[in-house]
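The data block below is entry_22.txt; it holds compact mmCIF, C-alpha atoms.
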```txt
# COMPACT_ATOMS: atom_id res chain seq x y z
CA MET A 16 -13.67 -11.66 0.44
CA ASP A 17 -13.98 -11.06 -3.30
CA GLU A 18 -12.28 -7.70 -3.10
CA GLN A 19 -13.23 -6.33 -6.50
CA ASN A 20 -16.95 -6.77 -5.84
CA ASN A 21 -17.26 -6.36 -2.07
CA ILE A 22 -14.66 -3.76 -1.07
CA LEU A 23 -17.06 -0.89 -1.69
CA ALA A 24 -19.64 -2.41 0.64
CA LEU A 25 -17.21 -2.59 3.57
CA SER A 26 -16.58 0.11 6.12
CA ASN A 27 -13.05 1.38 6.67
CA ALA A 28 -12.84 -0.58 9.91
CA GLU A 29 -13.89 -3.79 8.15
CA ILE A 30 -11.25 -3.28 5.46
CA VAL A 31 -8.56 -2.83 8.11
CA ILE A 32 -9.76 -5.98 9.89
CA HIS A 33 -9.40 -7.94 6.64
CA LEU A 34 -5.94 -6.44 6.12
CA GLY A 35 -4.94 -7.58 9.61
CA LYS A 36 -6.02 -11.14 8.88
CA ARG A 37 -4.19 -11.08 5.55
CA PHE A 38 -1.08 -9.65 7.20
CA LYS A 39 -1.06 -12.60 9.60
CA GLU A 40 -1.11 -15.01 6.64
CA TYR A 41 1.84 -13.17 5.07
CA ARG A 42 3.73 -13.09 8.38
CA LEU A 43 3.30 -16.83 8.82
CA SER A 44 4.37 -17.52 5.24
CA CYS A 45 7.50 -15.45 5.92
CA GLN A 46 8.05 -17.61 9.02
CA LEU A 47 8.13 -14.60 11.33
CA THR A 48 6.96 -14.63 14.91
CA GLN A 49 4.78 -11.79 16.10
CA GLN A 50 7.75 -10.47 18.06
CA GLU A 51 10.05 -10.54 15.02
CA ALA A 52 7.48 -8.81 12.81
CA ALA A 53 6.77 -6.20 15.48
CA ASP A 54 10.49 -5.50 15.89
CA LYS A 55 10.95 -5.13 12.12
CA ALA A 56 7.90 -2.85 11.91
CA GLY A 57 8.97 -0.74 14.89
CA MET A 58 5.81 -1.35 16.89
CA SER A 59 4.80 -3.22 20.01
CA VAL A 60 3.84 -6.86 19.81
CA VAL A 61 0.56 -5.98 21.56
CA THR A 62 -0.40 -3.60 18.74
CA LEU A 63 0.57 -6.19 16.14
CA ARG A 64 -1.47 -8.88 17.89
CA GLN A 65 -4.51 -6.60 18.11
CA PHE A 66 -4.17 -5.71 14.42
CA GLU A 67 -3.99 -9.36 13.37
CA ASN A 68 -6.96 -10.29 15.56
CA GLY A 69 -9.15 -7.44 14.28
CA LYS A 70 -9.35 -5.72 17.65
CA ILE A 71 -7.64 -2.55 16.47
CA TYR A 72 -8.46 -0.82 13.23
CA ASN A 73 -6.93 2.61 13.60
CA ILE A 74 -3.21 1.95 13.22
CA THR A 75 -1.22 4.78 11.72
CA MET A 76 -0.06 4.83 8.13
CA GLY A 77 3.52 4.74 9.42
CA SER A 78 2.80 1.56 11.36
CA PHE A 79 1.11 -0.02 8.35
CA LEU A 80 4.09 0.83 6.14
CA GLY A 81 6.37 -0.70 8.77
CA LEU A 82 4.31 -3.88 8.68
CA LEU A 83 4.56 -4.02 4.89
CA ARG A 84 8.30 -3.52 5.16
CA ALA A 85 8.53 -6.37 7.70
CA ILE A 86 7.03 -8.85 5.22
CA ASP A 87 8.90 -7.41 2.21
CA CYS A 88 5.74 -6.05 0.56
CA LEU A 89 6.52 -2.33 0.71
CA ASP A 90 6.95 -2.21 -3.07
CA HIS A 91 3.20 -2.85 -3.46
CA VAL A 92 2.31 0.51 -1.91
CA GLN A 93 2.47 2.10 -5.37
CA GLU A 94 -0.54 -0.03 -6.34
CA LEU A 95 -2.68 1.54 -3.61
CA LEU A 96 -2.66 4.96 -5.25
CA PRO A 97 -1.25 4.78 -8.76
CA GLU A 98 -0.16 7.88 -10.62
CA ILE A 99 -2.89 9.59 -12.60
CA PRO A 100 -2.42 8.93 -16.30
CA VAL A 101 -1.88 11.92 -18.56
CA SER A 102 -5.15 12.98 -20.13
CA PRO A 103 -5.44 12.85 -23.92
CA TYR A 104 -5.92 16.64 -23.97
CA ALA A 105 -2.73 17.26 -21.99
CA MET A 106 -0.82 14.82 -24.20
CA GLN A 107 -2.09 16.62 -27.30
CA GLN A 108 -0.85 19.93 -25.90
CA VAL A 109 2.60 18.47 -25.21
CA ILE A 110 2.82 17.08 -28.73
CA LYS A 111 1.54 20.33 -30.23
CA ASN A 112 4.18 22.41 -28.41
CA LYS A 113 7.02 20.00 -29.07
CA PRO A 114 9.55 21.48 -31.50
CA LYS A 115 9.92 19.69 -34.82
CA ARG A 116 13.67 20.18 -34.83
CA ILE A 117 16.34 22.00 -32.90
CA ARG A 118 18.75 24.40 -34.59
CA HIS A 119 21.98 25.43 -32.98
CA ALA A 120 23.45 28.84 -33.62
CA LYS A 121 26.61 28.89 -35.75
```
What's the structure tokens form of this structure?
Amino acid sequence: MDEQNNILALSNAEIVIHLGKRFKEYRLSCQLTQQEAADKAGMSVVTLRQFENGKIYNITMGSFLGLLRAIDCLDHVQELLPEIPVSPYAMQQVIKNKPKRIRHAK
């Protein structure tokens, strides 16, 4: 899947199915069994198996975060929804209202 070009054409369920397949690749590269990954994620091995096989596509956000934690990828969550950059107008207002110098009373 060329994500940049095709992600918009996929349904939510299809995206989750792709994530399940990709999770399996990560789990195997981490040399984790399904049981070990499920234990680390705090979920049942049945749910994990269904997620990896594309048979379940409505796992909770908590479960998904647990799965990311199990394969040491939790730090990538910030990339899913990055902070909104400060608009040029807002930055101009901050600069405009910034004092030129600070004077202390004697």
I'd like the neighbourhood of range 39-47 of chain A as an NGL selection string, where a residue qualifies if any of its atoms comes within 9 Å (using only C-alpha atoms), though same-chain residues fewer than 4 positions away should be ignored.
:A and (34-35 or 51-52 or 66-68 or 85-87)
Quick one: write out the picked residues with C-alpha atoms as an mmCIF file, in the frame of the given file?
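Saved result, part.cif, follows:
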```cif
data_model
loop_
_atom_site.group_PDB
_atom_site.id
_atom_site.type_symbol
_atom_site.label_atom_id
_atom_site.label_comp_id
_atom_site.auth_asym_id
_atom_site.auth_seq_id
_atom_site.Cartn_x
_atom_site.Cartn_y
_atom_site.Cartn_z
ATOM 1 C CA LEU A 34 -5.940 -6.440 6.120
ATOM 2 C CA GLY A 35 -4.940 -7.580 9.610
ATOM 3 C CA GLU A 51 10.050 -10.540 15.020
ATOM 4 C CA ALA A 52 7.480 -8.810 12.810
ATOM 5 C CA PHE A 66 -4.170 -5.710 14.420
ATOM 6 C CA GLU A 67 -3.990 -9.360 13.370
ATOM 7 C CA ASN A 68 -6.960 -10.290 15.560
ATOM 8 C CA ALA A 85 8.530 -6.370 7.700
ATOM 9 C CA ILE A 86 7.030 -8.850 5.220
ATOM 10 C CA ASP A 87 8.900 -7.410 2.210
#
```
Separation of CA of Arg64 in chain A and CA of Glu94 in chain A, in Å?
25.8 Å
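When only C-alpha atoms are used to measure the gap to Tyr72 in chain A, the shortest distance among A:Lys121, A:Arg84, A:Lys113, A:Lys36 belongs to A:Lys36.
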Mind running range 43-93 of chain A against range 25-28 of chain A at 12 Å and telling me each contacting residue's nearest atom pair with the distance in Å (one decimal), counting all atoms listed in the file, chain and number ascending, as a tab-separated table?
```
residue	atom	partner	partner_atom	distance
A:Phe66	CA	A:Ala28	CA	11.0
A:Gly69	CA	A:Ala28	CA	8.9
A:Lys70	CA	A:Ala28	CA	9.9
A:Ile71	CA	A:Ala28	CA	8.6
A:Tyr72	CA	A:Ala28	CA	5.5
A:Asn73	CA	A:Ala28	CA	7.7
A:Ile74	CA	A:Ala28	CA	10.5
```
Listed atoms of range 61-70 of chain A, axis-aligned box, 8 Å per side: centre and edge lengths to one decimal in Å, as JSON?
```
{"center_x": -4.4, "center_y": -6.9, "center_z": 17.5, "size_x": 25.9, "size_y": 22.7, "size_z": 24.2}
```
A:Asn21, A:Val92, A:Ile99, A:Ile110 ranked by distance to Phe79 in chain A, top pick (using only C-alpha atoms)
A:Val92
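Relative to CA of Gln65 in chain A, CA of Leu96 in chain A is found at 26.1 Å.
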Missing atoms in range 60-86 of chain A: can you complete it with N, CA and C atoms, as an mmCIF file, keeping the file's coordinate frame?
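Generated output (out.cif):
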```cif
data_model
loop_
_atom_site.group_PDB
_atom_site.id
_atom_site.type_symbol
_atom_site.label_atom_id
_atom_site.label_comp_id
_atom_site.auth_asym_id
_atom_site.auth_seq_id
_atom_site.Cartn_x
_atom_site.Cartn_y
_atom_site.Cartn_z
ATOM 1 N N VAL A 60 4.449 -5.581 20.164
ATOM 2 C CA VAL A 60 3.840 -6.860 19.810
ATOM 3 C C VAL A 60 2.351 -6.853 20.171
ATOM 4 N N VAL A 61 1.971 -6.080 21.172
ATOM 5 C CA VAL A 61 0.560 -5.980 21.560
ATOM 6 C C VAL A 61 -0.245 -5.341 20.419
ATOM 7 N N THR A 62 0.287 -4.262 19.847
ATOM 8 C CA THR A 62 -0.400 -3.600 18.740
ATOM 9 C C THR A 62 -0.498 -4.528 17.545
ATOM 10 N N LEU A 63 0.577 -5.241 17.251
ATOM 11 C CA LEU A 63 0.570 -6.190 16.140
ATOM 12 C C LEU A 63 -0.470 -7.278 16.370
ATOM 13 N N ARG A 64 -0.514 -7.813 17.559
ATOM 14 C CA ARG A 64 -1.470 -8.880 17.890
ATOM 15 C C ARG A 64 -2.901 -8.368 17.737
ATOM 16 N N GLN A 65 -3.169 -7.165 18.224
ATOM 17 C CA GLN A 65 -4.510 -6.600 18.110
ATOM 18 C C GLN A 65 -4.895 -6.364 16.650
ATOM 19 N N PHE A 66 -3.925 -5.919 15.845
ATOM 20 C CA PHE A 66 -4.170 -5.710 14.420
ATOM 21 C C PHE A 66 -4.518 -7.027 13.734
ATOM 22 N N GLU A 67 -3.740 -8.056 13.983
ATOM 23 C CA GLU A 67 -3.990 -9.360 13.370
ATOM 24 C C GLU A 67 -5.317 -9.970 13.806
ATOM 25 N N ASN A 68 -5.730 -9.709 15.026
ATOM 26 C CA ASN A 68 -6.960 -10.290 15.560
ATOM 27 C C ASN A 68 -8.197 -9.424 15.311
ATOM 28 N N GLY A 69 -8.022 -8.310 14.606
ATOM 29 C CA GLY A 69 -9.150 -7.440 14.280
ATOM 30 C C GLY A 69 -9.684 -6.644 15.443
ATOM 31 N N LYS A 70 -8.899 -6.469 16.481
ATOM 32 C CA LYS A 70 -9.350 -5.720 17.650
ATOM 33 C C LYS A 70 -8.918 -4.260 17.599
ATOM 34 N N ILE A 71 -8.076 -3.926 16.659
ATOM 35 C CA ILE A 71 -7.640 -2.550 16.470
ATOM 36 C C ILE A 71 -7.727 -2.251 14.985
ATOM 37 N N TYR A 72 -8.311 -1.144 14.648
ATOM 38 C CA TYR A 72 -8.460 -0.820 13.230
ATOM 39 C C TYR A 72 -8.079 0.624 12.924
ATOM 40 N N ASN A 73 -7.347 1.234 13.837
ATOM 41 C CA ASN A 73 -6.930 2.610 13.600
ATOM 42 C C ASN A 73 -5.410 2.761 13.729
ATOM 43 N N ILE A 74 -4.660 1.816 13.176
ATOM 44 C CA ILE A 74 -3.210 1.950 13.220
ATOM 45 C C ILE A 74 -2.805 3.077 12.268
ATOM 46 N N THR A 75 -1.668 3.668 12.542
ATOM 47 C CA THR A 75 -1.220 4.780 11.720
ATOM 48 C C THR A 75 -0.689 4.278 10.386
ATOM 49 N N MET A 76 -0.610 5.174 9.438
ATOM 50 C CA MET A 76 -0.060 4.830 8.130
ATOM 51 C C MET A 76 1.400 4.426 8.286
ATOM 52 N N GLY A 77 2.123 5.093 9.174
ATOM 53 C CA GLY A 77 3.520 4.740 9.420
ATOM 54 C C GLY A 77 3.662 3.318 9.942
ATOM 55 N N SER A 78 2.769 2.925 10.834
ATOM 56 C CA SER A 78 2.800 1.560 11.360
ATOM 57 C C SER A 78 2.468 0.552 10.264
ATOM 58 N N PHE A 79 1.485 0.881 9.429
ATOM 59 C CA PHE A 79 1.110 -0.020 8.350
ATOM 60 C C PHE A 79 2.258 -0.181 7.352
ATOM 61 N N LEU A 80 2.935 0.916 7.040
ATOM 62 C CA LEU A 80 4.090 0.830 6.140
ATOM 63 C C LEU A 80 5.201 -0.005 6.771
ATOM 64 N N GLY A 81 5.386 0.131 8.069
ATOM 65 C CA GLY A 81 6.370 -0.700 8.770
ATOM 66 C C GLY A 81 6.020 -2.171 8.688
ATOM 67 N N LEU A 82 4.741 -2.489 8.792
ATOM 68 C CA LEU A 82 4.310 -3.880 8.680
ATOM 69 C C LEU A 82 4.566 -4.411 7.272
ATOM 70 N N LEU A 83 4.277 -3.599 6.260
ATOM 71 C CA LEU A 83 4.560 -4.020 4.890
ATOM 72 C C LEU A 83 6.050 -4.246 4.676
ATOM 73 N N ARG A 84 6.847 -3.384 5.273
ATOM 74 C CA ARG A 84 8.300 -3.520 5.160
ATOM 75 C C ARG A 84 8.760 -4.817 5.845
ATOM 76 N N ALA A 85 8.137 -5.175 6.949
ATOM 77 C CA ALA A 85 8.530 -6.370 7.700
ATOM 78 C C ALA A 85 8.315 -7.650 6.895
ATOM 79 N N ILE A 86 7.317 -7.654 6.025
ATOM 80 C CA ILE A 86 7.030 -8.850 5.220
ATOM 81 C C ILE A 86 7.479 -8.668 3.764
#
```
